[in-house]
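Structure first, then comments.
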Amino acid sequence: MKILNVVGARPNFMKIAPLMAEYSRRGDIRATLVHTGQHYDDKMSDLFFGELGIPKPDINLEVGSRSHAVQTAEIMKKFEPVLVDYEPDVVVVVGDVNSTIACGLVAVKLGVKLAHVEAGLRSRDRTMPEEINRVLTDSISDFLFCTERSGVDNLLCEGIPEDRIFFVGNVMIDTLLKNKAKAEDSDVLKRLHLDGNDFAVLTLHRPSNVDDAFVLGGILDALEVIQNDMPVVFPVHPRTCKTLASSSSGERIEKMLNLRQTEPLGYLDFLKLMSYAKVVLTDSGGMQEETTILKVPCLTLRENTERPITAEIGSNRVVGTDPAKIIDAYRQVVNGGWREPGTPPLWDGRAAKRIVDILLDKL
Ligand code: UD1
């Protein structure tokens, strides 16, 4: 069987890693990896291939950063001849980035079967570019692999036939469980001069948070208070870095002496950092899942989540961006007001195996 796999942006890499490893364990699969080049900085891309043992992409489309329309269109233009040339039995796309929908659309238009890993998640917030990518990709996929039950329910409600939907668990958690012990060897805590676990970790990159001066201002109000209480480590996403460099928010952050900005970190460093943190503050999707498995409190700086299981039984609390609410939730966490999270069903390190079993069986 010929499987063509697509990655483009940082959160895709930890999702494809266990699938590529699983394909190579099976004798009857020829897997190809296409990198769209949506993310291209070494620290946003190459570093992860090395750390996670992902084979070098067979093809890099080198699309880079553009507006949504141009980026999506460029990926489609460059992916089509690759697909025509390779003639796979199935194209596998992961997550919800522009590369996911762009390559998915090319595949179905050429009559090639499409598998979507991490299907069915819904924030119900159509202002999020990822929500549009999720809804559209799911509506054209032949195999929809879900990480949590809510995904299955959402797809059924949207009229997706039941025989296309598979509840398989979470490939991102496969990668976390595989690398947790290895991450212990990282010296990131020493490098950042952190003692014990009295520190917080912060990430921010959603356009709704970093591109809106009012919202970002509110988050910074909360951070001013939090960093007075404990160090806050802030690996800065390139998008956020640009916003901060060109606005007064950057100057505000510079004055917060206990807010420690770093470049984007590699997977193992970041996994260790999250594991030892007292609390994680983020607008990321994947980190809500990772902190649940690490049993570290997570405050999600958004008004909604497409991963409700992390808030229902995991360690996630969706607090929004109101500074008073962020500070209140932070105080509850550090004062021990936190219940021990449970583990979502099938987040057991075997999702990739289930996916490959299903593809082999059905194709
Ligand atoms: C993308 C995904 C988002 C995901 C995030 C993870 C979409 C619509 N968004 O957002 O879902 O959570 O990746 O990081 O697909 N940049 C660099 N170097 C890079 C990549 C980006 O400098 O290697 C800068 C560029 O200024 C670029 C900006 O970041 O314009 C945004 O990059 P882009 O790929 O458009 O989206 P992200 O915000 O990274």
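Residue names in the structure tokens use chain letters A, B, ... in the order shown, residue numbers from 1 in each chain, and ligand numbers from 1 in the order shown.
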Could you please extract the residues within 8 Å of ligand 1, counting only C-alpha atoms and all ligand atoms, and hand them back as JSON, numbers by chain?
-> {"A": [9, 10, 11, 38, 39, 40, 41, 42, 43, 44, 45, 64, 65, 66, 67, 68, 71, 96, 97, 98, 99, 100, 129, 130, 133, 205, 206, 207, 237, 238, 239, 240, 242, 284, 285]}
Out of segment 9-195 of chain A, which residues get strand (DSSP E or B) from DSSP, as a PyMOL selection string?
-> chain A and resi 30-35+59-60+90-94+113-117+143-146+165-167
Near segment 20-37 of chain A, counting only C-alpha atoms, which residues have an atom at most 6 Å away, once you skip same-chain residues fewer than 3 positions from it, shown as a PyMOL selection string?
-> chain A and resi 1-8+17+40+57-64
Going by DSSP on the backbone, which bits of segment 116-291 of chain A are alpha helix (DSSP H)? Write them as number ranges by chain, please.
-> A: 129-140, 149-157, 171-183, 188-191, 207-210, 213-229, 238-245, 248-254, 267-276, 286-291
Residues near Val318 of chain A, cut-off 9 Å, only C-alpha atoms, skip fewer than 5 positions along chain, as a PyMOL selection string = chain A and resi 298-305+311
Within 12 Å of segment 157-169 of chain A using only C-alpha atoms, minus same-chain residues under 3 positions, as number ranges by chain | A: 15, 113-122, 135-154, 172-174, 289, 309, 343-359, 362
Please provide the set of residues having any atom within 9 Å of segment 78-83 of chain A, restricted to only C-alpha atoms, with same-chain residues fewer than 2 positions apart removed, written as a PyMOL selection string.
-> chain A and resi 4+34+36+59+61+63+73-76+85-88+91+102-103+106-107+110+112
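Proximity ranking of A:Leu192, A:Pro264, A:Lys255, A:Val215 relative to Val236 of chain A places A:Pro264 first, based on only C-alpha atoms.
Between atom CA of Ser315 of chain A and atom CA of Cys241 of chain A the separation is 28.0 Å.
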Using only C-alpha atoms, find the one residue out of A:Gly266, A:Gly217, A:Gly104, A:Gly336 that sits nearest to Phe13 of chain A.
-> A:Gly266
How far is it from atom CA of Ala222 of chain A to atom CA of Asn335 of chain A, in Å with one decimal?
-> 17.0 Å
Test item: residues at most 9 Å from Asp229 of chain A, only C-alpha atoms, excluding those fewer than 3 positions along its chain, as a compact mmCIF listing (two decimals) with N, CA and C atoms, in the first residue's frame:
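Final file, result_24.txt:
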# COMPACT_ATOMS: atom_id res chain seq x y z
N PHE A 199 7.54 27.58 38.90
CA PHE A 199 7.57 28.48 37.75
C PHE A 199 6.37 28.17 36.86
N VAL A 225 0.99 40.52 37.13
CA VAL A 225 0.74 40.03 38.50
C VAL A 225 1.41 38.66 38.70
N ILE A 226 1.23 37.77 37.75
CA ILE A 226 1.72 36.39 37.90
C ILE A 226 3.25 36.37 38.00
N ASN A 258 10.59 39.20 35.63
CA ASN A 258 10.48 37.77 35.93
C ASN A 258 9.78 37.00 34.81
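In this comparison, which uses only C-alpha atoms, the residue of A:Leu268, A:Gln288, A:Thr282, A:Pro323 approaching Lys178 of chain A most closely is A:Leu268.
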One decimal, Å: what's the distance from atom CA of Asp211 of chain A over to atom CA of Thr321 of chain A, could you say?
-> 13.4 Å
